[in-house]
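K.L.:
I'd like to ask you about the structure that follows.
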Amino acid sequence: MVLSVREQRQLDTIREAVSRSDVGLASKLATFGRLTAGEPMPDREQLARLAGQARAWRATCAAMARFIAWLDRMDTPRVSPAEPDREHAV
């Protein structure tokens with residue numbers, strides 16, 4: 001599979017984010033990548049040729065943006081609802 005420079009940079013950014021957030025997952029993905037490096041992508045997983053591939057590019061960018069937003073939410077601490085003010089409790 002041949003990637004453009006932009007696609008490779010985006011994948012590198014995702015790889016770095018996963019490596020920082022989940023070392024175990026990053027290790028498993030690296031192992032999977034090494035084991036499948038010489039294999040062609042299955043037909044069912046390849047994108048159909050689209051006019052100018054603009055549609056495929058937009059879908060890929062949207063998916064990456066959702067993934068990065070999901071990773072960002074994983075790093076954000078969750079805030080629990082504030083406890084009621086004890087002075088006003090009956």
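Each chain of the structure tokens is named A, B, ... in the order shown, its residues numbered from 1; ligands are numbered from 1 in display order.
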Show me, as an MDAnalysis selection string, the residues that have an atom within 9 Å of range 25-33 of chain A when counting only C-alpha atoms, minus same-chain residues fewer than 5 positions from it.

P.N.:
chainID A and resid 15:16 18:20

K.L.:
Can I get the selection written as a CSV table (one decimal), in the first residue's frame, with N, CA and C atoms?

P.N.:
```csv
chain,number,residue,atom,x,y,z
A,15,ARG,N,-0.1,7.3,15.4
A,15,ARG,CA,0.7,6.3,16.1
A,15,ARG,C,1.3,6.8,17.3
A,16,GLU,N,1.8,8.1,17.3
A,16,GLU,CA,2.4,8.7,18.4
A,16,GLU,C,1.4,8.9,19.6
A,18,VAL,N,-1.4,7.1,20.1
A,18,VAL,CA,-1.7,5.8,20.7
A,18,VAL,C,-0.5,5.4,21.6
A,19,SER,N,0.7,5.6,21.1
A,19,SER,CA,1.9,5.2,21.9
A,19,SER,C,1.9,5.8,23.3
A,20,ARG,N,1.5,7.1,23.3
A,20,ARG,CA,1.5,7.8,24.6
A,20,ARG,C,0.3,7.4,25.5
```

K.L.:
Need to verify the contact set: Leu11 in chain A, 12 Å, only C-alpha atoms, exclusion of same-chain residues closer than 3 positions in sequence. Can you return it as a PyMOL selection string?

P.N.:
chain A and resi 3-8+14-18+60-61+63-65+67-68

K.L.:
Please measure the separation of CA of Ala69 in chain A and CA of Arg9 in chain A, giving the value in Å to one decimal.

P.N.:
17.0 Å
